[in-house]
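J.: This is the structure I have questions about; it appears just below.
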Protein chains: 2
Amino acid sequence: MERTKYVLDEKDLPTKWYNIQADLPEPLPPPLHPGTGQPLGPEDLAPLFPMELIKQEMSPERFIEIPEEVLDIYKLWRPTTLFRARRLEKALDTPAKIYYKYEGTSPPGSHKPNTSVPQVYYSMKEGIKRISTETGAGQWGSSLAFAGACFNVDIKVYMVRVSYNQKPYRRVMMQTWGAECVPSPSPDTKAGKSMLERDPDCPGSLGLAISEAVEDAVSRDDTHYSLGSVLNHVLLHQTIVGIEAKAVLEDIGDYPDILVGCVGGGSNFAGLFLPFLKDKIDGKKPDLRVVNVEPASCPTLTRGPYAYDFGDEAGLTPLLKMFTLGHGFIPPPVHAGGLRYHGMAPIICHLLNIGLIEALAIHQLETFEAGITFAKHEGIIAAPETDHAIRVTIIEALKCKETGEKKTILFNCSGHGHFDMSAYEAYLAGKLHDYEYPQEKIEQALKDLPKVPS
Amino acid sequence: MERTKYVLDEKDLPTKWYNIQADLPEPLPPPLHPGTGQPLGPEDLAPLFPMELIKQEMSPERFIEIPEEVLDIYKLWRPTTLFRARRLEKALDTPAKIYYKYEGTSPPGSHKPNTSVPQVYYSMKEGIKRISTETGAGQWGSSLAFAGACFNVDIKVYMVRVSYNQKPYRRVMMQTWGAECVPSPSPDTKAGKSMLERDPDCPGSLGLAISEAVEDAVSRDDTHYSLGSVLNHVLLHQTIVGIEAKAVLEDIGDYPDILVGCVGGGSNFAGLFLPFLKDKIDGKKPDLRVVNVEPASCPTLTRGPYAYDFGDEAGLTPLLKMFTLGHGFIPPPVHAGGLRYHGMAPIICHLLNIGLIEALAIHQLETFEAGITFAKHEGIIAAPETDHAIRVTIIEALKCKETGEKKTILFNCSGHGHFDMSAYEAYLAGKLHDYEYPQEKIEQALKDLPKVPS
């Protein structure tokens, strides 16, 4: 009987995260203060984050110990399974080997709790009783709610109103874990009140929800703020995905030629590829290909300029050097909610800029088609975000069929689609369309970039 | 670090199902022909089911080989994990050990594909191209749709119209796997058409959907019918759950004192307990308690008479000896859709009747409360059906706290609640109520029981 699942024994659960900052050939451009344009110091972030996370954000250490209490929670679903997609390989009639690391078995159903759990833990250790955050479709909000339940920390989630009304089930999930979830704009903050005065029917935006969550955190001593992607410490926590994958592949004597993942803020894919990328940097695996897949409707890495920009619409956050569609970005009509962000993790942008990784933009219709092929052969109905990685994996496997190459492809199956069935419904009903991001918007974004001292 | 997860290696996936019929102290009362009242022969079932399943339904063999092609599909999610609920134990401050077998990681999210996969396989082997079935909330329909995708067999699901309209996501899941799903009553059958003529706005019922699916199957040579619970072969297929659980517990030197599960048709819990019950029958574990949990609003085992009754509302199916609320049963307003059935698996009824197992009815509000406690400590948001098992597990663990007994409790965590968040929403909003099943309905059911030759 051929083996299809590979998983580390629970006692071999990794006890350290991997920090790529120790191995970068060139250092990351520093984040800048939004007011002064000068490099940010730890004290600038202290009102929002626990000191341990601020240290991790800037740490030069290669490995960072995972606290015992965090491992205890990770064990509820980790180590996760690495699947060999034998049925998909057969259906594609490809000589390629396809593996996927499946993160959808976590309680909230995605990779997100890999970072929400340590984030809540470190704040709790500093005596913090309450954490605020924003969420779009609810994947991050539900993951933070779960972590809050684990450590008995109150969670307040500002959820973009249009999602709050249209996608009630992730909100109910948050409430089930005990979190408070309000539609944004809300009357609970100045930013929210001001917007409601101007437009009582405002549908909200992620940028505004960030403003509300940050205002909430800075205005209360007992409250921190938490972010689910983009930042270095978030990517650090996600490396447990790649460390596990590398360990089981080593056990069976395999190594990927191509790594594939979808990127919105970049954390799920960076979590998978960073531990492998070290081998490319070290010269052990010079031909390793790392393919970042983004929606053509939000082509941050493939068409945005590489420049300092704000992380949020309102311009409250530090300036980060990243590929960006501009902080004034308006989400286009694409159903992969988690991939609709104007920027991208500075680590990913830096690696792309120095040529260590590559990026590709694809349209949504082909991603749903790929997701349905995957569901029929592997069973799992993946999140629409994940379908982007599946599509490019299939493209690469079919290339191998043409050339006869027996490449090993590994992608991150970052989450299930149980809360995204309305997107599949729209696709199956022929109601979705592809959307090309207009060139004039890119040019406008270039003009709107904040000025920074050179 | 304390261990929380136990799982068999993939190569130790059980290769045989366990058939309790080989070990029953008294044989099962036979199913009777609905027309003649005489014991049913294999030929009576041949228009609906493949011969292999008919043989299994009546087999005296203790172990039945699982086909290689079925094992290949099982491996997409099996063996499943046995969890030690350490965080729940701690929260309850109980000396009891709590284990749960988690079936929610299957592609459709429940135990149901353990039987949908072999059922579709055996029909496919007989050259059948198409299978019809009914579904209420959609758990069974989606599991059959998944199995159909695995073996390239067309699936037609008659889904109770009120659920079809109110719970669209499981329907979309079926469509994603390629199944056709129509609201019942439908214009596709005589039974459906006739109902639509009488009442164009008929919301449908499970009984009517069964009638449509059976009519569909008998009227076409290329089509079989499939049932997701109740029958002996269904319980047989589910025993893989208990066989796996027993094997890993043996590895760690533990054995349950109490087994707990929720019962609607009875298949998930029977799948868990039957392999353990053999030890009670054999005298190896005489004190083993097996606790069947049903909703007080549908108290089949605790208040129904033990008598021959039809499996469906319309009286088309064979007569089965079971505890029953009467085939004219109207589903009460309880949110655990999978537990709203008037009858119960004949094997469970027989075992209860001869005193080998016990049954308990509980109200829904306390089950949701238990489900939320479980979600906060173990992460998993379970199906409302499963919450019934969780509630009784907590009751037993708290009894241990009072007495100081270190009992080992094992329950079947039969599925996740991702498609049932509207039930949690209603509970959290205070909109749910408990419902006591009226005594006059039980008396009416007694009067309506079909006459059978003595």
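Identifiers in the structure tokens: chain A, B, ... in order shown; residue index from 1 per chain; ligand index from 1 in order shown.
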Assign secondary structure with DSSP using the backbone only, and return the residues of region 214-418 of chain B in strand (DSSP E or B) as a PyMOL selection string.
T.: chain B and resi 223-225+258-262+289-295+306-310+319-323+358-362+382+408-413+415-416
J.: Emit the selected residues as a compact mmCIF listing (two decimals), in the first residue's frame, including N, CA, C and O atoms.
T.:
# COMPACT_ATOMS: atom_id res chain seq x y z
N THR B 223 -29.16 2.68 -11.58
CA THR B 223 -29.13 3.46 -10.34
C THR B 223 -29.37 2.60 -9.10
O THR B 223 -30.28 1.77 -9.08
N HIS B 224 -28.55 2.80 -8.09
CA HIS B 224 -28.78 2.22 -6.76
C HIS B 224 -29.23 3.32 -5.79
O HIS B 224 -29.14 4.50 -6.10
N TYR B 225 -29.68 2.86 -4.62
CA TYR B 225 -30.06 3.76 -3.55
C TYR B 225 -29.07 3.57 -2.40
O TYR B 225 -28.50 2.49 -2.23
N ILE B 258 -16.06 4.00 30.44
CA ILE B 258 -17.34 4.52 29.93
C ILE B 258 -17.14 4.99 28.49
O ILE B 258 -16.21 5.74 28.20
N LEU B 259 -18.02 4.53 27.61
CA LEU B 259 -18.04 5.02 26.24
C LEU B 259 -19.28 5.88 26.07
O LEU B 259 -20.37 5.51 26.53
N VAL B 260 -19.13 7.04 25.40
CA VAL B 260 -20.24 7.96 25.23
C VAL B 260 -20.35 8.36 23.76
O VAL B 260 -19.33 8.60 23.10
N GLY B 261 -21.58 8.45 23.26
CA GLY B 261 -21.79 8.93 21.90
C GLY B 261 -23.20 9.41 21.70
O GLY B 261 -24.12 9.01 22.43
N CYS B 262 -23.38 10.29 20.71
CA CYS B 262 -24.73 10.73 20.37
C CYS B 262 -25.33 9.77 19.37
O CYS B 262 -24.61 9.14 18.59
N ARG B 289 -19.38 0.50 30.57
CA ARG B 289 -20.65 1.20 30.36
C ARG B 289 -20.66 1.84 28.98
O ARG B 289 -19.70 2.50 28.57
N VAL B 290 -21.76 1.65 28.27
CA VAL B 290 -21.92 2.23 26.93
C VAL B 290 -23.16 3.13 26.99
O VAL B 290 -24.28 2.64 27.12
N VAL B 291 -22.93 4.47 26.90
CA VAL B 291 -24.03 5.42 27.12
C VAL B 291 -24.43 6.10 25.81
O VAL B 291 -23.69 6.93 25.26
N ASN B 292 -25.60 5.75 25.31
CA ASN B 292 -26.17 6.36 24.11
C ASN B 292 -26.90 7.64 24.51
O ASN B 292 -27.80 7.60 25.35
N VAL B 293 -26.54 8.76 23.87
CA VAL B 293 -27.16 10.03 24.22
C VAL B 293 -28.04 10.52 23.08
O VAL B 293 -27.60 10.66 21.95
N GLU B 294 -29.30 10.79 23.41
CA GLU B 294 -30.24 11.29 22.40
C GLU B 294 -30.87 12.57 22.92
O GLU B 294 -30.82 12.87 24.12
N PRO B 295 -31.48 13.38 22.02
CA PRO B 295 -32.14 14.61 22.47
C PRO B 295 -33.46 14.29 23.18
O PRO B 295 -34.20 13.40 22.74
N TYR B 306 -40.50 -0.69 21.79
CA TYR B 306 -39.63 -1.54 20.98
C TYR B 306 -40.53 -2.41 20.11
O TYR B 306 -41.19 -3.33 20.61
N ALA B 307 -40.58 -2.09 18.81
CA ALA B 307 -41.59 -2.72 17.95
C ALA B 307 -41.15 -2.66 16.49
O ALA B 307 -40.27 -1.86 16.14
N TYR B 308 -41.78 -3.46 15.65
CA TYR B 308 -41.53 -3.34 14.21
C TYR B 308 -42.15 -2.06 13.67
O TYR B 308 -43.31 -1.76 13.97
N ASP B 309 -41.35 -1.31 12.88
CA ASP B 309 -41.88 -0.10 12.26
C ASP B 309 -41.17 0.13 10.93
O ASP B 309 -40.11 -0.46 10.67
N PHE B 310 -41.77 0.97 10.11
CA PHE B 310 -41.13 1.36 8.85
C PHE B 310 -39.95 2.29 9.12
O PHE B 310 -39.95 3.04 10.09
N LEU B 319 -39.76 -3.48 7.30
CA LEU B 319 -40.07 -3.25 8.71
C LEU B 319 -38.86 -3.67 9.53
O LEU B 319 -38.33 -4.77 9.37
N LEU B 320 -38.45 -2.78 10.42
CA LEU B 320 -37.30 -3.06 11.28
C LEU B 320 -37.76 -3.06 12.73
O LEU B 320 -38.57 -2.23 13.13
N LYS B 321 -37.22 -4.00 13.52
CA LYS B 321 -37.55 -4.03 14.95
C LYS B 321 -36.68 -3.00 15.63
O LYS B 321 -35.45 -3.13 15.68
N MET B 322 -37.32 -1.98 16.16
CA MET B 322 -36.53 -0.90 16.78
C MET B 322 -37.36 -0.12 17.80
O MET B 322 -38.58 -0.20 17.82
N PHE B 323 -36.67 0.61 18.66
CA PHE B 323 -37.36 1.63 19.44
C PHE B 323 -37.77 2.70 18.44
O PHE B 323 -37.00 3.07 17.56
N GLU B 358 -26.75 1.30 27.62
CA GLU B 358 -27.76 2.15 28.25
C GLU B 358 -28.03 3.40 27.39
O GLU B 358 -27.30 3.68 26.44
N ALA B 359 -29.10 4.11 27.72
CA ALA B 359 -29.48 5.29 26.94
C ALA B 359 -29.95 6.41 27.86
O ALA B 359 -30.48 6.16 28.95
N LEU B 360 -29.72 7.63 27.40
CA LEU B 360 -29.99 8.81 28.20
C LEU B 360 -30.46 9.91 27.25
O LEU B 360 -29.93 10.06 26.16
N ALA B 361 -31.49 10.66 27.67
CA ALA B 361 -31.95 11.79 26.84
C ALA B 361 -31.63 13.10 27.55
O ALA B 361 -31.86 13.22 28.76
N ILE B 362 -31.09 14.08 26.80
CA ILE B 362 -30.79 15.38 27.41
C ILE B 362 -31.32 16.52 26.53
O ILE B 362 -31.57 16.34 25.35
N ALA B 382 -17.53 21.63 17.77
CA ALA B 382 -18.12 20.36 17.33
C ALA B 382 -19.52 20.59 16.75
O ALA B 382 -20.15 21.63 16.98
N THR B 408 -11.80 6.24 33.09
CA THR B 408 -11.40 6.59 31.73
C THR B 408 -12.65 6.67 30.86
O THR B 408 -13.40 5.70 30.75
N ILE B 409 -12.88 7.86 30.30
CA ILE B 409 -14.06 8.10 29.48
C ILE B 409 -13.62 8.35 28.04
O ILE B 409 -12.67 9.09 27.80
N LEU B 410 -14.29 7.71 27.11
CA LEU B 410 -13.99 7.91 25.68
C LEU B 410 -15.28 8.27 24.97
O LEU B 410 -16.28 7.56 25.08
N PHE B 411 -15.27 9.39 24.23
CA PHE B 411 -16.46 9.69 23.42
C PHE B 411 -16.09 9.88 21.96
O PHE B 411 -14.93 10.13 21.63
N ASN B 412 -17.08 9.72 21.10
CA ASN B 412 -16.85 9.91 19.68
C ASN B 412 -17.18 11.35 19.31
O ASN B 412 -18.33 11.78 19.39
N CYS B 413 -16.14 12.09 18.91
CA CYS B 413 -16.32 13.46 18.45
C CYS B 413 -16.58 13.34 16.94
O CYS B 413 -15.68 13.43 16.11
N GLY B 415 -18.02 14.91 14.45
CA GLY B 415 -17.87 15.85 13.35
C GLY B 415 -17.72 17.28 13.83
O GLY B 415 -18.02 17.60 14.98
N HIS B 416 -17.26 18.16 12.93
CA HIS B 416 -17.14 19.57 13.29
C HIS B 416 -18.45 20.30 13.00
O HIS B 416 -19.32 19.78 12.31
J.: Give the residues of chain A that lie within 6 Å of chain B; count only C-alpha atoms, and format the answer as a PyMOL selection string.
T.: chain A and resi 107+149+169+172+177+376+379-380+421+425
J.: By how many Å are CA of Leu339 (chain B) and CA of Cys298 (chain B) apart?
T.: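 Pair CA of Leu339 (chain B) / CA of Cys298 (chain B) returns 7.5 Å.
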J.: As JSON, numbers by chain, please: the residues near Lys55 (chain A) (cut-off 12 Å, only C-alpha atoms, same-chain neighbours under 3 positions excluded).
T.: {"A": [19, 41, 42, 43, 45, 46, 49, 50, 51, 52, 58, 59, 60, 61, 64, 122, 232, 233, 236]}
J.: Please save N, CA, C and O atoms of the selected residues as a compact mmCIF listing (two decimals), in the first residue's frame.
T.:
# COMPACT_ATOMS: atom_id res chain seq x y z
N ASN A 19 14.48 32.09 12.19
CA ASN A 19 14.50 33.53 11.87
C ASN A 19 15.42 33.79 10.68
O ASN A 19 16.64 33.80 10.81
N GLY A 41 12.50 52.61 16.65
CA GLY A 41 13.10 51.95 17.81
C GLY A 41 12.07 51.13 18.55
O GLY A 41 10.86 51.31 18.33
N PRO A 42 12.54 50.20 19.39
CA PRO A 42 11.62 49.33 20.15
C PRO A 42 10.57 50.14 20.90
O PRO A 42 9.41 49.75 20.98
N GLU A 43 10.98 51.29 21.47
CA GLU A 43 10.06 52.09 22.29
C GLU A 43 8.87 52.60 21.48
O GLU A 43 7.79 52.84 22.02
N LEU A 45 7.18 50.96 19.39
CA LEU A 45 6.17 49.91 19.23
C LEU A 45 5.59 49.45 20.56
O LEU A 45 4.59 48.73 20.61
N ALA A 46 6.22 49.86 21.66
CA ALA A 46 5.85 49.35 22.99
C ALA A 46 4.38 49.57 23.38
O ALA A 46 3.80 48.72 24.07
N PHE A 49 2.63 46.46 21.22
CA PHE A 49 3.04 45.05 21.24
C PHE A 49 3.83 44.71 22.50
O PHE A 49 4.50 45.58 23.08
N PRO A 50 3.81 43.45 22.90
CA PRO A 50 4.66 43.04 24.04
C PRO A 50 6.13 43.10 23.63
O PRO A 50 6.47 42.93 22.46
N MET A 51 7.01 43.35 24.59
CA MET A 51 8.43 43.54 24.30
C MET A 51 9.05 42.31 23.63
O MET A 51 9.92 42.43 22.78
N GLU A 52 8.56 41.13 24.01
CA GLU A 52 9.11 39.91 23.42
C GLU A 52 8.91 39.89 21.90
O GLU A 52 9.80 39.49 21.14
N MET A 58 13.00 42.36 15.45
CA MET A 58 14.31 42.93 15.06
C MET A 58 15.47 41.98 15.35
O MET A 58 16.63 42.36 15.22
N SER A 59 15.16 40.75 15.75
CA SER A 59 16.20 39.85 16.25
C SER A 59 17.15 39.36 15.16
O SER A 59 16.73 39.04 14.06
N PRO A 60 18.47 39.28 15.47
CA PRO A 60 19.42 38.66 14.55
C PRO A 60 19.65 37.17 14.86
O PRO A 60 20.42 36.51 14.17
N GLU A 61 19.00 36.64 15.89
CA GLU A 61 19.18 35.23 16.27
C GLU A 61 18.57 34.30 15.23
O GLU A 61 17.48 34.55 14.76
N ILE A 64 14.67 30.84 17.57
CA ILE A 64 14.02 31.43 18.74
C ILE A 64 13.12 30.38 19.39
O ILE A 64 12.28 29.76 18.72
N TYR A 122 2.44 36.09 24.69
CA TYR A 122 3.42 37.08 25.15
C TYR A 122 2.74 38.29 25.79
O TYR A 122 3.23 38.84 26.77
N ASN A 232 7.64 40.80 10.61
CA ASN A 232 8.68 39.76 10.71
C ASN A 232 8.35 38.71 11.76
O ASN A 232 8.59 37.52 11.55
N HIS A 233 7.81 39.13 12.91
CA HIS A 233 7.55 38.15 13.98
C HIS A 233 6.41 37.21 13.58
O HIS A 233 6.37 36.07 14.02
N LEU A 236 8.03 34.70 11.36
CA LEU A 236 8.84 33.84 12.23
C LEU A 236 7.99 32.71 12.82
O LEU A 236 8.36 31.54 12.75
J.: Please identify all polymer residues within 12 Å of Cys400 (chain B), counting only C-alpha atoms, omitting same-chain residues fewer than 3 positions from it, and present them as a ChimeraX atom specification.
T.: /B:89,92-98,257-258,393-397,403-409
J.: Okay, now the selection with N, CA, C and O atoms, as a PDB file, in the first residue's frame?
T.:
ATOM      1  N   GLU B  89      -9.933  18.319  30.924  1.00  0.00           N
ATOM      2  CA  GLU B  89      -9.800  17.674  32.246  1.00  0.00           C
ATOM      3  C   GLU B  89      -9.393  18.695  33.309  1.00  0.00           C
ATOM      4  O   GLU B  89      -9.943  18.745  34.400  1.00  0.00           O
ATOM      5  N   LEU B  92     -12.125  21.132  34.183  1.00  0.00           N
ATOM      6  CA  LEU B  92     -13.176  20.517  34.999  1.00  0.00           C
ATOM      7  C   LEU B  92     -12.635  20.105  36.367  1.00  0.00           C
ATOM      8  O   LEU B  92     -13.400  19.737  37.246  1.00  0.00           O
ATOM      9  N   ASP B  93     -11.298  20.115  36.493  1.00  0.00           N
ATOM     10  CA  ASP B  93     -10.642  19.693  37.728  1.00  0.00           C
ATOM     11  C   ASP B  93     -11.108  18.278  38.125  1.00  0.00           C
ATOM     12  O   ASP B  93     -11.493  18.032  39.267  1.00  0.00           O
ATOM     13  N   THR B  94     -11.062  17.400  37.147  1.00  0.00           N
ATOM     14  CA  THR B  94     -11.551  16.034  37.373  1.00  0.00           C
ATOM     15  C   THR B  94     -10.389  15.036  37.391  1.00  0.00           C
ATOM     16  O   THR B  94      -9.416  15.215  36.657  1.00  0.00           O
ATOM     17  N   PRO B  95     -10.497  14.003  38.226  1.00  0.00           N
ATOM     18  CA  PRO B  95      -9.483  12.945  38.173  1.00  0.00           C
ATOM     19  C   PRO B  95      -9.703  11.985  36.995  1.00  0.00           C
ATOM     20  O   PRO B  95      -8.854  11.135  36.730  1.00  0.00           O
ATOM     21  N   ALA B  96     -10.834  12.141  36.300  1.00  0.00           N
ATOM     22  CA  ALA B  96     -11.131  11.257  35.158  1.00  0.00           C
ATOM     23  C   ALA B  96     -10.188  11.568  34.005  1.00  0.00           C
ATOM     24  O   ALA B  96      -9.717  12.691  33.845  1.00  0.00           O
ATOM     25  N   LYS B  97      -9.908  10.514  33.217  1.00  0.00           N
ATOM     26  CA  LYS B  97      -9.194  10.721  31.960  1.00  0.00           C
ATOM     27  C   LYS B  97     -10.235  10.797  30.849  1.00  0.00           C
ATOM     28  O   LYS B  97     -11.090   9.922  30.752  1.00  0.00           O
ATOM     29  N   ILE B  98     -10.162  11.827  30.024  1.00  0.00           N
ATOM     30  CA  ILE B  98     -11.118  11.991  28.926  1.00  0.00           C
ATOM     31  C   ILE B  98     -10.384  11.846  27.591  1.00  0.00           C
ATOM     32  O   ILE B  98      -9.426  12.568  27.322  1.00  0.00           O
ATOM     33  N   ASP B 257     -13.586   2.956  30.749  1.00  0.00           N
ATOM     34  CA  ASP B 257     -14.639   2.460  31.639  1.00  0.00           C
ATOM     35  C   ASP B 257     -16.007   2.847  31.104  1.00  0.00           C
ATOM     36  O   ASP B 257     -16.989   2.148  31.333  1.00  0.00           O
ATOM     37  N   ILE B 258     -16.064   3.998  30.443  1.00  0.00           N
ATOM     38  CA  ILE B 258     -17.336   4.519  29.931  1.00  0.00           C
ATOM     39  C   ILE B 258     -17.140   4.986  28.490  1.00  0.00           C
ATOM     40  O   ILE B 258     -16.209   5.745  28.204  1.00  0.00           O
ATOM     41  N   THR B 393     -20.278  13.415  28.632  1.00  0.00           N
ATOM     42  CA  THR B 393     -18.895  13.193  29.056  1.00  0.00           C
ATOM     43  C   THR B 393     -18.549  14.113  30.223  1.00  0.00           C
ATOM     44  O   THR B 393     -17.955  13.680  31.226  1.00  0.00           O
ATOM     45  N   ILE B 394     -18.948  15.369  30.098  1.00  0.00           N
ATOM     46  CA  ILE B 394     -18.672  16.329  31.184  1.00  0.00           C
ATOM     47  C   ILE B 394     -19.418  15.920  32.455  1.00  0.00           C
ATOM     48  O   ILE B 394     -18.855  15.955  33.560  1.00  0.00           O
ATOM     49  N   ILE B 395     -20.672  15.497  32.323  1.00  0.00           N
ATOM     50  CA  ILE B 395     -21.435  15.034  33.492  1.00  0.00           C
ATOM     51  C   ILE B 395     -20.695  13.888  34.189  1.00  0.00           C
ATOM     52  O   ILE B 395     -20.533  13.888  35.414  1.00  0.00           O
ATOM     53  N   GLU B 396     -20.227  12.926  33.413  1.00  0.00           N
ATOM     54  CA  GLU B 396     -19.535  11.760  34.001  1.00  0.00           C
ATOM     55  C   GLU B 396     -18.202  12.174  34.637  1.00  0.00           C
ATOM     56  O   GLU B 396     -17.814  11.654  35.687  1.00  0.00           O
ATOM     57  N   ALA B 397     -17.497  13.120  33.982  1.00  0.00           N
ATOM     58  CA  ALA B 397     -16.212  13.578  34.534  1.00  0.00           C
ATOM     59  C   ALA B 397     -16.426  14.321  35.846  1.00  0.00           C
ATOM     60  O   ALA B 397     -15.609  14.218  36.768  1.00  0.00           O
ATOM     61  N   THR B 403     -16.644  11.841  43.421  1.00  0.00           N
ATOM     62  CA  THR B 403     -16.326  10.563  44.064  1.00  0.00           C
ATOM     63  C   THR B 403     -14.829  10.316  44.166  1.00  0.00           C
ATOM     64  O   THR B 403     -14.388   9.429  44.886  1.00  0.00           O
ATOM     65  N   GLY B 404     -14.034  11.079  43.397  1.00  0.00           N
ATOM     66  CA  GLY B 404     -12.591  10.851  43.385  1.00  0.00           C
ATOM     67  C   GLY B 404     -12.159   9.686  42.508  1.00  0.00           C
ATOM     68  O   GLY B 404     -10.988   9.310  42.498  1.00  0.00           O
ATOM     69  N   GLU B 405     -13.105   9.110  41.756  1.00  0.00           N
ATOM     70  CA  GLU B 405     -12.760   7.972  40.896  1.00  0.00           C
ATOM     71  C   GLU B 405     -11.990   8.414  39.653  1.00  0.00           C
ATOM     72  O   GLU B 405     -12.339   9.395  39.012  1.00  0.00           O
ATOM     73  N   LYS B 406     -10.951   7.643  39.307  1.00  0.00           N
ATOM     74  CA  LYS B 406     -10.145   7.984  38.120  1.00  0.00           C
ATOM     75  C   LYS B 406     -10.620   7.192  36.914  1.00  0.00           C
ATOM     76  O   LYS B 406      -9.874   6.391  36.342  1.00  0.00           O
ATOM     77  N   LYS B 407     -11.854   7.411  36.521  1.00  0.00           N
ATOM     78  CA  LYS B 407     -12.381   6.652  35.393  1.00  0.00           C
ATOM     79  C   LYS B 407     -11.810   7.135  34.061  1.00  0.00           C
ATOM     80  O   LYS B 407     -11.416   8.286  33.923  1.00  0.00           O
ATOM     81  N   THR B 408     -11.797   6.240  33.087  1.00  0.00           N
ATOM     82  CA  THR B 408     -11.397   6.589  31.728  1.00  0.00           C
ATOM     83  C   THR B 408     -12.654   6.672  30.863  1.00  0.00           C
ATOM     84  O   THR B 408     -13.403   5.702  30.754  1.00  0.00           O
ATOM     85  N   ILE B 409     -12.877   7.862  30.297  1.00  0.00           N
ATOM     86  CA  ILE B 409     -14.064   8.102  29.476  1.00  0.00           C
ATOM     87  C   ILE B 409     -13.618   8.346  28.037  1.00  0.00           C
ATOM     88  O   ILE B 409     -12.666   9.087  27.798  1.00  0.00           O
TER      89      ILE B 409
END
J.: CA of Asn114 (chain B) and CA of Lys246 (chain B) are how many Å apart?
T.: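 CA of Lys246 (chain B) lies 17.0 Å from CA of Asn114 (chain B).
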J.: Apply DSSP to the structure's backbone, then extract all residues of region 188-271 of chain B labelled alpha helix (DSSP H) and return them as number ranges by chain.
T.: B: 190-198, 206-218, 232-251, 267-271
